[in-house]
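A.B. asks: To be precise about what I am sending: the file is called model-v2.csv and holds CSV, C-alpha atoms.
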chain,number,residue,atom,x,y,z
S,1,MET,CA,122.8,184.2,67.6
S,2,HIS,CA,123.9,181.4,65.4
S,3,GLN,CA,123.4,178.0,67.1
S,4,PRO,CA,126.0,175.2,67.4
S,5,THR,CA,125.8,172.7,64.6
S,6,GLU,CA,123.3,169.9,64.6
S,7,ARG,CA,126.1,167.3,64.9
S,8,VAL,CA,127.3,168.9,68.1
S,9,ARG,CA,123.8,169.4,69.5
S,10,ALA,CA,123.0,165.8,68.8
S,11,THR,CA,125.6,164.6,71.3
S,12,GLU,CA,125.1,164.2,75.0
S,13,ARG,CA,127.5,164.0,78.0
S,14,SER,CA,128.1,160.4,79.1
S,15,ARG,CA,126.5,159.1,82.2
S,16,ILE,CA,129.9,158.4,83.6
S,17,ARG,CA,130.6,162.2,83.6
S,18,VAL,CA,127.1,162.9,85.0
S,19,MET,CA,127.9,160.8,88.1
S,20,PHE,CA,131.5,162.2,88.2
S,21,ASP,CA,130.1,165.8,88.3
S,22,LEU,CA,127.4,164.8,91.0
S,23,ALA,CA,130.1,163.3,93.1
S,24,GLU,CA,132.3,166.5,92.7
S,25,GLN,CA,129.4,168.5,94.1
S,26,GLU,CA,129.3,166.6,97.3
S,27,PRO,CA,130.9,168.2,100.4
S,28,ALA,CA,134.6,168.0,100.3
S,29,ASP,CA,134.8,166.2,103.7
S,30,ARG,CA,132.3,163.4,102.7
S,31,ASP,CA,133.9,160.0,102.4
S,32,LEU,CA,132.9,158.8,98.9
S,33,VAL,CA,134.1,155.5,97.4
S,34,ARG,CA,134.7,156.5,93.7
S,35,LEU,CA,134.3,153.5,91.4
S,36,GLU,CA,132.8,155.3,88.4
S,37,VAL,CA,135.8,156.2,86.3
S,38,GLY,CA,138.1,153.8,84.4
S,39,GLU,CA,141.5,155.0,85.3
S,40,PRO,CA,144.4,153.1,86.8
S,41,ASP,CA,145.0,154.2,90.4
S,42,PHE,CA,148.8,153.7,89.9
S,43,ASP,CA,151.2,156.5,89.1
S,44,THR,CA,153.3,156.2,85.9
S,45,PRO,CA,156.5,154.3,86.9
S,46,GLU,CA,159.5,156.3,87.7
S,47,HIS,CA,161.7,155.1,84.8
S,48,VAL,CA,159.1,156.3,82.3
S,49,VAL,CA,158.8,159.7,83.9
S,50,ASP,CA,162.6,160.0,84.0
S,51,ALA,CA,162.8,159.3,80.2
S,52,ALA,CA,160.3,162.0,79.5
S,53,ALA,CA,162.1,164.5,81.8
S,54,GLU,CA,165.4,163.7,80.1
S,55,ALA,CA,163.9,164.1,76.7
S,56,ALA,CA,162.4,167.5,77.6
S,57,ARG,CA,165.7,168.7,79.2
S,58,GLY,CA,167.5,167.6,76.1
S,59,GLY,CA,165.4,169.7,73.8
S,60,ALA,CA,162.9,167.2,72.6
S,61,THR,CA,160.1,169.8,72.9
S,62,HIS,CA,159.3,170.5,69.3
S,63,TYR,CA,156.8,169.2,66.7
S,64,THR,CA,157.3,165.7,65.4
S,65,SER,CA,156.1,164.5,62.0
S,66,ASN,CA,152.3,164.1,61.8
S,67,ALA,CA,152.7,160.3,62.0
S,68,GLY,CA,154.9,160.5,65.1
S,69,LEU,CA,158.5,159.8,65.8
S,70,PRO,CA,160.0,156.9,63.8
S,71,GLU,CA,161.3,155.4,67.1
S,72,THR,CA,157.8,155.6,68.6
S,73,ARG,CA,156.2,153.9,65.6
S,74,GLN,CA,158.9,151.2,65.6
S,75,ALA,CA,158.3,150.5,69.3
S,76,ILE,CA,154.6,150.2,68.8
S,77,SER,CA,155.1,148.0,65.7
S,78,ASP,CA,157.4,145.6,67.6
S,79,SER,CA,155.0,145.5,70.6
S,80,MET,CA,151.9,144.7,68.5
S,81,ALA,CA,153.7,141.9,66.8
S,82,GLU,CA,155.2,140.4,70.0
S,83,ASN,CA,152.2,140.8,72.3
S,84,TYR,CA,149.2,140.6,70.1
S,85,GLY,CA,150.3,138.9,66.8
S,86,ILE,CA,149.5,142.0,64.7
S,87,GLU,CA,152.0,142.7,61.9
S,88,HIS,CA,152.3,146.3,60.8
S,89,ASP,CA,155.2,148.2,59.4
S,90,PRO,CA,156.0,151.5,61.3
S,91,ASP,CA,154.7,153.5,58.3
S,92,GLU,CA,151.3,151.8,58.8
S,93,ILE,CA,151.0,153.4,62.3
S,94,VAL,CA,150.1,156.9,63.3
S,95,VAL,CA,150.8,158.1,66.8
S,96,THR,CA,147.8,160.0,68.3
S,97,VAL,CA,146.8,162.1,71.3
S,98,GLY,CA,145.4,159.1,73.2
S,99,GLY,CA,143.3,156.3,71.9
S,100,MET,CA,140.4,158.7,71.8
S,101,GLU,CA,141.9,160.6,68.9
S,102,ALA,CA,142.8,157.4,67.1
S,103,LEU,CA,139.2,156.4,67.3
S,104,HIS,CA,138.1,159.8,66.0
S,105,LEU,CA,140.5,159.7,63.1
S,106,ALA,CA,139.5,156.1,62.2
S,107,THR,CA,135.8,157.1,62.2
S,108,LEU,CA,136.4,160.2,60.1
S,109,ALA,CA,138.4,158.2,57.6
S,110,THR,CA,135.9,155.4,57.2
S,111,VAL,CA,132.4,156.8,57.7
S,112,ASN,CA,130.8,159.0,55.1
S,113,PRO,CA,127.9,161.3,55.9
S,114,GLY,CA,124.8,159.1,56.3
S,115,GLU,CA,126.7,155.9,56.5
S,116,GLU,CA,126.4,153.5,59.5
S,117,LEU,CA,128.8,152.8,62.3
S,118,LEU,CA,127.7,149.5,64.0
S,119,TYR,CA,128.8,148.4,67.4
S,120,PRO,CA,127.6,145.6,69.8
S,121,SER,CA,126.3,146.9,73.1
S,122,PRO,CA,126.7,147.5,76.0
S,123,ALA,CA,129.4,149.7,74.6
S,124,TRP,CA,131.5,152.7,75.5
S,125,PRO,CA,129.4,155.8,74.7
S,126,ASN,CA,132.0,157.6,72.7
S,127,TYR,CA,131.3,155.4,69.7
S,128,GLU,CA,127.9,157.0,69.2
S,129,THR,CA,129.4,160.4,69.6
S,130,GLN,CA,132.2,159.8,67.2
S,131,ALA,CA,129.7,158.6,64.5
S,132,LEU,CA,127.6,161.7,65.0
S,133,LEU,CA,130.7,164.0,64.7
S,134,ALA,CA,131.4,162.3,61.3
S,135,ASP,CA,127.8,163.0,60.3
S,136,GLY,CA,127.3,159.2,60.3
S,137,GLU,CA,124.6,157.1,61.8
S,138,PRO,CA,125.4,155.2,65.0
S,139,VAL,CA,123.7,151.7,65.2
S,140,GLU,CA,123.7,150.0,68.5
S,141,VAL,CA,123.3,146.2,68.3
S,142,PRO,CA,122.4,144.8,71.7
S,143,MET,CA,124.0,141.6,72.8
S,144,PRO,CA,121.9,139.2,74.9
S,145,ALA,CA,122.2,139.7,78.7
S,146,GLU,CA,121.4,136.0,79.2
S,147,ASN,CA,124.7,135.2,77.4
S,148,ASP,CA,126.6,137.6,79.6
S,149,TYR,CA,126.8,140.0,76.6
S,150,ASP,CA,129.2,137.8,74.7
S,151,LEU,CA,129.7,138.7,71.1
S,152,ASP,CA,127.0,137.2,68.8
S,153,ALA,CA,128.2,137.6,65.3
S,154,ASP,CA,124.9,136.8,63.7
S,155,LEU,CA,123.2,139.7,65.4
S,156,LEU,CA,125.8,142.1,64.0
S,157,ILE,CA,125.8,140.6,60.6
S,158,GLU,CA,122.0,140.8,60.3
S,159,GLU,CA,122.3,144.6,60.7
S,160,MET,CA,125.0,145.0,58.1
S,161,SER,CA,124.1,146.4,54.7
S,162,LYS,CA,125.7,148.3,51.8
S,163,ASN,CA,125.3,151.4,54.0
S,164,THR,CA,127.6,150.0,56.7
S,165,ALA,CA,130.9,151.8,56.7
S,166,ALA,CA,132.5,150.3,59.8
S,167,VAL,CA,132.0,148.1,62.8
S,168,VAL,CA,133.6,148.7,66.2
S,169,LEU,CA,134.7,145.7,68.3
S,170,THR,CA,136.1,146.3,71.8
S,171,THR,CA,137.8,143.4,73.4
S,172,PRO,CA,138.3,143.3,76.4
S,173,SER,CA,135.0,145.1,76.6
S,174,ASN,CA,134.2,148.3,78.4
S,175,PRO,CA,131.9,148.1,80.3
S,176,THR,CA,131.5,144.3,80.7
S,177,GLY,CA,135.1,143.0,80.8
S,178,ARG,CA,134.2,140.2,78.4
S,179,VAL,CA,136.8,139.0,75.9
S,180,PHE,CA,135.1,138.1,72.7
S,181,ASP,CA,135.3,134.6,71.1
S,182,PRO,CA,137.8,134.5,68.2
S,183,ALA,CA,135.4,132.6,66.0
S,184,GLU,CA,132.7,135.2,66.5
S,185,ILE,CA,135.3,138.0,65.7
S,186,ARG,CA,136.4,136.2,62.5
S,187,ALA,CA,132.8,136.0,61.4
S,188,VAL,CA,132.2,139.7,61.9
S,189,VAL,CA,135.4,140.7,60.0
S,190,GLU,CA,134.5,138.3,57.2
S,191,ALA,CA,131.1,139.8,56.8
S,192,ALA,CA,132.3,143.3,57.1
S,193,ALA,CA,134.9,142.6,54.3
S,194,ASP,CA,132.0,141.3,52.1
S,195,TYR,CA,130.4,144.7,52.5
S,196,ASP,CA,133.7,146.5,51.9
S,197,ALA,CA,133.4,147.8,55.5
S,198,TYR,CA,136.1,148.2,58.1
S,199,VAL,CA,136.3,146.8,61.6
S,200,ILE,CA,137.7,149.3,64.1
S,201,ALA,CA,139.4,147.2,66.8
S,202,ASP,CA,139.4,149.1,70.0
S,203,GLU,CA,142.1,147.3,71.9
S,204,VAL,CA,143.2,149.8,74.6
S,205,TYR,CA,142.5,147.1,77.2
S,206,ALA,CA,144.3,144.3,75.4
S,207,GLY,CA,147.2,144.4,77.8
S,208,LEU,CA,144.8,143.6,80.7
S,209,THR,CA,143.5,140.2,79.5
S,210,TYR,CA,143.4,137.8,82.5
S,211,ASP,CA,142.1,134.3,81.6
S,212,THR,CA,143.6,133.9,78.1
S,213,GLU,CA,146.5,135.2,76.1
S,214,PRO,CA,145.7,138.4,74.4
S,215,GLU,CA,145.2,138.3,70.6
S,216,GLY,CA,144.7,141.3,68.3
S,217,ILE,CA,141.6,141.2,66.1
S,218,ALA,CA,143.8,141.8,63.0
S,219,SER,CA,145.7,138.6,63.8
S,220,LEU,CA,142.6,136.5,63.9
S,221,THR,CA,141.3,137.1,60.3
S,222,GLY,CA,142.2,136.5,56.7
S,223,HIS,CA,141.3,140.2,56.1
S,224,PRO,CA,143.7,142.2,58.2
S,225,ASP,CA,143.5,145.0,55.6
S,226,HIS,CA,139.9,145.6,56.7
S,227,VAL,CA,140.9,146.0,60.4
S,228,LEU,CA,142.1,149.3,62.0
S,229,THR,CA,143.6,148.8,65.4
S,230,VAL,CA,143.3,151.5,68.1
S,231,GLY,CA,145.8,151.2,70.9
S,232,SER,CA,146.9,153.3,73.9
S,233,CYS,CA,149.5,153.6,76.7
S,234,SER,CA,146.8,154.8,79.1
S,235,LYS,CA,145.5,151.6,80.7
S,236,LYS,CA,148.3,149.0,80.6
S,237,TYR,CA,151.0,151.6,81.4
S,238,ALA,CA,149.1,153.8,83.8
S,239,MET,CA,149.6,156.8,81.5
S,240,THR,CA,146.1,158.3,81.1
S,241,GLY,CA,147.3,161.9,81.5
S,242,TRP,CA,150.1,161.5,78.9
S,243,ARG,CA,147.5,161.2,76.1
S,244,LEU,CA,149.4,158.8,73.9
S,245,GLY,CA,147.7,156.3,71.6
S,246,TRP,CA,148.0,155.0,68.0
S,247,LEU,CA,146.1,153.8,65.0
S,248,ALA,CA,147.4,151.0,62.9
S,249,GLY,CA,146.1,149.6,59.6
S,250,ASP,CA,146.4,149.4,55.9
S,251,SER,CA,148.5,152.2,54.4
S,252,THR,CA,145.6,153.3,52.2
S,253,VAL,CA,143.8,154.5,55.2
S,254,ILE,CA,146.7,155.4,57.4
S,255,ASP,CA,148.2,157.7,54.8
S,256,GLN,CA,145.0,159.7,54.6
S,257,VAL,CA,144.7,159.7,58.4
S,258,VAL,CA,148.2,161.3,58.6
S,259,SER,CA,147.0,164.0,56.3
S,260,ILE,CA,144.0,164.9,58.5
S,261,HIS,CA,146.1,164.6,61.6
S,262,GLU,CA,147.7,167.8,60.6
S,263,SER,CA,144.4,169.5,61.1
S,264,THR,CA,143.4,167.9,64.4
S,265,THR,CA,146.4,168.0,66.7
S,266,ALA,CA,149.3,168.0,64.2
S,267,CYS,CA,151.2,165.4,66.3
S,268,ALA,CA,151.3,163.8,69.6
S,269,SER,CA,153.4,165.4,72.3
S,270,SER,CA,157.1,164.8,71.7
S,271,VAL,CA,157.7,164.4,75.4
S,272,ALA,CA,154.8,161.9,75.7
S,273,GLN,CA,156.3,159.9,72.8
S,274,ALA,CA,159.6,159.7,74.7
S,275,ALA,CA,157.7,158.3,77.7
S,276,ALA,CA,155.8,155.8,75.5
S,277,ILE,CA,159.1,154.5,74.0
S,278,GLU,CA,160.4,153.9,77.5
S,279,ALA,CA,157.2,152.3,78.7
S,280,ILE,CA,157.0,149.9,75.7
S,281,THR,CA,160.7,149.0,75.4
S,282,GLY,CA,162.0,149.5,79.0
S,283,PRO,CA,161.7,147.4,82.2
S,284,GLN,CA,158.3,145.8,82.4
S,285,GLU,CA,158.3,144.7,86.0
S,286,PRO,CA,156.3,147.7,87.3
S,287,PHE,CA,153.6,147.0,84.7
S,288,GLU,CA,153.5,143.3,85.6
S,289,GLU,CA,153.0,144.3,89.2
S,290,MET,CA,150.0,146.5,88.2
S,291,TYR,CA,148.6,143.7,86.1
S,292,ASP,CA,148.9,141.3,89.0
S,293,ALA,CA,147.1,143.8,91.3
S,294,PHE,CA,144.2,144.2,88.8
S,295,GLU,CA,143.9,140.4,88.5
S,296,ARG,CA,143.7,140.1,92.3
S,297,ARG,CA,141.1,142.8,92.5
S,298,ARG,CA,139.1,141.1,89.7
S,299,ASP,CA,139.1,137.9,91.6
S,300,TYR,CA,138.1,139.7,94.8
S,301,VAL,CA,135.2,141.5,93.1
S,302,VAL,CA,133.9,138.3,91.5
S,303,GLY,CA,134.0,136.5,94.8
S,304,ARG,CA,132.1,139.3,96.6
S,305,ILE,CA,129.5,139.5,93.9
S,306,GLU,CA,128.8,135.7,94.2
S,307,GLY,CA,128.2,136.1,97.9
S,308,ILE,CA,125.6,138.9,97.7
S,309,ASP,CA,122.0,138.1,97.3
S,310,GLY,CA,120.3,140.2,94.6
S,311,LEU,CA,123.6,140.9,92.7
S,312,SER,CA,125.2,139.3,89.7
S,313,ALA,CA,127.6,140.2,86.9
S,314,PRO,CA,129.3,138.6,83.9
S,315,ARG,CA,132.8,137.4,84.9
S,316,PRO,CA,135.3,140.1,83.8
S,317,GLU,CA,137.9,138.4,81.6
S,318,GLY,CA,139.8,141.6,81.0
S,319,ALA,CA,139.9,145.4,81.6
S,320,PHE,CA,139.0,146.6,85.1
S,321,TYR,CA,135.2,146.6,85.1
S,322,ALA,CA,132.4,144.6,86.5
S,323,PHE,CA,128.9,145.1,85.0
S,324,LEU,CA,126.6,144.7,87.9
S,325,ASP,CA,123.0,143.6,87.8
S,326,PRO,CA,121.3,144.6,91.0
S,327,ASP,CA,117.9,143.1,91.8
S,328,VAL,CA,116.1,146.4,92.4
S,329,ASP,CA,113.1,148.1,90.9
S,330,ALA,CA,114.8,151.2,89.5
S,331,ASP,CA,116.4,152.4,86.4
S,332,SER,CA,120.2,152.7,86.2
S,333,LEU,CA,120.5,156.4,86.8
S,334,THR,CA,118.0,156.5,89.6
S,335,PHE,CA,119.7,153.7,91.5
S,336,ALA,CA,123.2,155.1,90.9
S,337,LYS,CA,122.1,158.5,92.3
S,338,TYR,CA,120.5,156.7,95.3
S,339,LEU,CA,123.8,154.8,96.0
S,340,LEU,CA,125.7,158.1,95.8
S,341,ARG,CA,123.2,160.1,97.9
S,342,GLU,CA,122.4,157.5,100.6
S,343,HIS,CA,125.4,155.2,100.7
S,344,GLY,CA,128.4,157.2,99.4
S,345,VAL,CA,129.5,154.9,96.6
S,346,VAL,CA,129.8,156.2,93.0
S,347,LEU,CA,129.1,153.9,90.0
S,348,ALA,CA,128.4,154.5,86.3
S,349,PRO,CA,124.8,153.9,85.2
S,350,GLY,CA,124.5,151.0,82.8
S,351,ASP,CA,122.1,152.8,80.4
S,352,GLY,CA,125.0,155.1,79.6
S,353,PHE,CA,126.5,152.2,77.6
S,354,GLY,CA,123.4,151.8,75.4
S,355,ASP,CA,119.9,150.4,75.8
S,356,ALA,CA,121.3,147.0,76.5
S,357,GLY,CA,122.8,148.3,79.7
S,358,GLU,CA,119.6,149.6,81.3
S,359,GLY,CA,119.3,148.4,84.9
S,360,ARG,CA,123.0,147.7,85.2
S,361,LEU,CA,125.8,149.6,86.9
S,362,ARG,CA,129.5,149.6,85.9
S,363,LEU,CA,132.0,149.2,88.7
S,364,SER,CA,135.6,150.1,88.1
S,365,PHE,CA,138.0,148.0,90.2
S,366,ALA,CA,140.9,150.3,89.4
S,367,ASN,CA,141.0,151.2,93.0
S,368,SER,CA,142.7,149.9,96.1
S,369,MET,CA,141.5,146.7,97.8
S,370,ASP,CA,140.4,148.4,100.9
S,371,ARG,CA,138.3,150.9,99.0
S,372,LEU,CA,136.8,148.1,96.9
S,373,GLU,CA,135.9,146.3,100.1
S,374,GLU,CA,134.2,149.4,101.5
S,375,GLY,CA,132.5,150.2,98.2
S,376,ILE,CA,131.0,146.7,97.7
S,377,ASP,CA,129.9,146.8,101.4
S,378,ARG,CA,128.0,149.9,100.6
S,379,ILE,CA,126.5,148.5,97.4
S,380,GLU,CA,125.3,145.5,99.3
S,381,ALA,CA,123.7,147.7,101.9
S,382,GLY,CA,122.1,149.8,99.2
S,383,ILE,CA,120.5,146.8,97.5
S,384,GLN,CA,119.1,145.6,100.8
S,385,SER,CA,117.7,148.9,101.8
S,386,TYR,CA,116.4,150.3,98.5
As structure tokens, how would this structure be written, given the file I've shared?
C.D. replies:
Amino acid sequence: MHQPTERVRATERSRIRVMFDLAEQEPADRDLVRLEVGEPDFDTPEHVVDAAAEAARGGATHYTSNAGLPETRQAISDSMAENYGIEHDPDEIVVTVGGMEALHLATLATVNPGEELLYPSPAWPNYETQALLADGEPVEVPMPAENDYDLDADLLIEEMSKNTAAVVLTTPSNPTGRVFDPAEIRAVVEAAADYDAYVIADEVYAGLTYDTEPEGIASLTGHPDHVLTVGSCSKKYAMTGWRLGWLAGDSTVIDQVVSIHESTTACASSVAQAAAIEAITGPQEPFEEMYDAFERRRDYVVGRIEGIDGLSAPRPEGAFYAFLDPDVDADSLTFAKYLLREHGVVLAPGDGFGDAGEGRLRLSFANSMDRLEEGIDRIEAGIQSY
């Protein structure tokens, strides 16, 4: 029988999903604290759901243009300018099926077979997979743990060459929660432009930046035409299941992306686009309440980590992750499985985010305060007993 293609066989399931599946196999009545998946624990606010229902009942259940509804693209354009300082006309934006598809389309549009996609690590594992699906070469560039994985532009620039097609920068970071220094970002974009490479700015967590005002990468550089911005409703608006994202950039790339969008998903859901318009342009109070809850949880997690012997983590400045460094003699996956098996707490192994994450564990604080308290209690007990 004909085998699946090499590009498909070269990919692996993420460690996040490995732990998710192991947790699902546990007895249904076992009390597990699930901190492995990065998904807001809030429901989509009622006014957004109502807007989608009204659109569906009103007949908005048909294909849209491949680029998305003009109203959706206008709402995204206005939001990017107001909240992140990124200026793009609506015709420089394509609405996608989640930020995941936006990343996929950006990679397909920029990385030729054999060309390199660079990214600082620890990093979300899908960057590697997306490069492989484009027949490109993923290049992980580890950032120093002693600097809390902050972006070191020199390390990335040293890896750039004429074979570099694109560089992915994620700020706030998944899995570390770090927000990258603007000066380091500018240096990376400048160097990428010198090599005629793109910077794919994964900014799906930009709306969850706690200690500083959020800034879009495209707004920080003199080469915005070399930046492709990935955004999403999933995290800020608690809309993961609606699958609504976008890609914004220079029209030279976006026009081609719109063409291939016809062959991936044709268009994002018309009903989800109606929900996105309401989320972006409607009342913001429910989202501000979610933001405040995440910030309180961040502060709680930071305080708990500081009080536990044998545990440390970089201070999360955004997103909803803490990248834990437990003082145990075990690799990431082994210790994560131990915590699940013996203590009933589920975390994502750090080596699933690249070699730079080995020995670490990612904790998602997108969960209620009482479950976070119980989960960290169990982590503390696990470190002490391992």
A.B. asks: Ranking S:Asp299, S:Glu215, S:Glu203, S:Glu289 by minimum distance to Ala102 in chain S and counting all atoms listed in the file, which one comes first?
C.D. replies: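 Among the listed residues, S:Glu203 lies closest to Ala102 in chain S.
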A.B. asks: Quick check, in Å to one decimal: how far apart do CA of Ala366 in chain S and CA of Tyr300 in chain S lie?
C.D. replies: 12.2 Å
A.B. asks: Rounded to one decimal, what separation in Å do you get between CA of Gly99 in chain S and CA of Ile86 in chain S?
C.D. replies: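 Computing it gives 17.2 Å between the two atoms.
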A.B. asks: Which polymer residues, whether protein, DNA or RNA, lie within 7 Å of the coordinate (123.1, 144.1, 77.0) when you count only C-alpha atoms? List them as a list in words, using the chain letters and numbers from the file.
C.D. replies: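 Protein and nucleic acid residues near the point are Ser121, Pro122, Pro142, Met143, Pro144, Ala145, Tyr149, Ala356 and Gly357 of chain S.
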A.B. asks: Give the answer as one residue: which of S:Met80, S:Val8, S:Leu208, S:Leu105 has the shortest atom-to-atom distance to Phe287 in chain S, using all atoms listed in the file?
C.D. replies: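 Closest to Phe287 in chain S of all the choices is S:Leu208.
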A.B. asks: So what do you get for CA of Thr96 in chain S versus CA of Gly245 in chain S, distance-wise?
C.D. replies: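 Computing the Euclidean distance for CA of Thr96 in chain S and CA of Gly245 in chain S yields 5.0 Å.
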A.B. asks: Excluding Ile185 in chain S and residues on its chain fewer than 3 positions from it, collect all residues at most 8 Å away from it, counting all atoms listed in the file, and give them as number ranges by chain.
C.D. replies: S: 151, 153, 180-182, 188-189, 217, 220
A.B. asks: Quick one: residues within 8 Å of range 167-177 of chain S, only C-alpha atoms, excluding same-chain residues fewer than 5 positions away - as a short mmCIF file (atom, residue, chain, number, x, y, z; two decimals) with C-alpha atoms, in the coordinates of the input?
C.D. replies:
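Writing done, so here's part21.cif:
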data_model
loop_
_atom_site.label_atom_id
_atom_site.label_comp_id
_atom_site.auth_asym_id
_atom_site.auth_seq_id
_atom_site.Cartn_x
_atom_site.Cartn_y
_atom_site.Cartn_z
CA LEU S 117 128.80 152.80 62.30
CA LEU S 118 127.70 149.50 64.00
CA TYR S 119 128.80 148.40 67.40
CA PRO S 120 127.60 145.60 69.80
CA PRO S 122 126.70 147.50 76.00
CA ALA S 123 129.40 149.70 74.60
CA TRP S 124 131.50 152.70 75.50
CA TYR S 127 131.30 155.40 69.70
CA TYR S 149 126.80 140.00 76.60
CA ALA S 192 132.30 143.30 57.10
CA ALA S 197 133.40 147.80 55.50
CA TYR S 198 136.10 148.20 58.10
CA VAL S 199 136.30 146.80 61.60
CA ILE S 200 137.70 149.30 64.10
CA ALA S 201 139.40 147.20 66.80
CA ASP S 202 139.40 149.10 70.00
CA GLU S 203 142.10 147.30 71.90
CA TYR S 205 142.50 147.10 77.20
CA ALA S 206 144.30 144.30 75.40
CA LEU S 208 144.80 143.60 80.70
CA THR S 209 143.50 140.20 79.50
CA PRO S 314 129.30 138.60 83.90
CA ARG S 315 132.80 137.40 84.90
CA PRO S 316 135.30 140.10 83.80
CA GLU S 317 137.90 138.40 81.60
CA GLY S 318 139.80 141.60 81.00
CA ALA S 319 139.90 145.40 81.60
CA PHE S 320 139.00 146.60 85.10
CA TYR S 321 135.20 146.60 85.10
CA ALA S 322 132.40 144.60 86.50
CA PHE S 323 128.90 145.10 85.00
CA PHE S 353 126.50 152.20 77.60
CA ARG S 362 129.50 149.60 85.90
#
A.B. asks: So, counting only C-alpha atoms, which residue among S:Ala266, S:Ile93, S:Leu32, S:Val49 is closest to Ser65 in chain S?
C.D. replies: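 Residue with the minimum atom-to-atom distance to Ser65 in chain S: S:Ala266.
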A.B. asks: Check the smallest atom-to-atom distance from each of S:Asp355, S:Asp31, S:Asp43, S:Asp89 to Gly241 in chain S using only C-alpha atoms, then report the winner.
C.D. replies: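 Closest to Gly241 in chain S of all the choices is S:Asp43.
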A.B. asks: Considering only C-alpha atoms, can you say which of S:Thr164, S:Gln273, S:Ser385, S:Thr229 comes closest to Arg73 in chain S?
C.D. replies: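 Using only C-alpha atoms, Arg73 in chain S sits closest to S:Gln273.
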A.B. asks: Could you tell me which of S:Asp309, S:Leu361, S:Ala183, S:Asp41 comes closest to Thr334 in chain S if we count all atoms listed in the file?
C.D. replies: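 The shortest atom-to-atom distance to Thr334 in chain S comes from S:Leu361.
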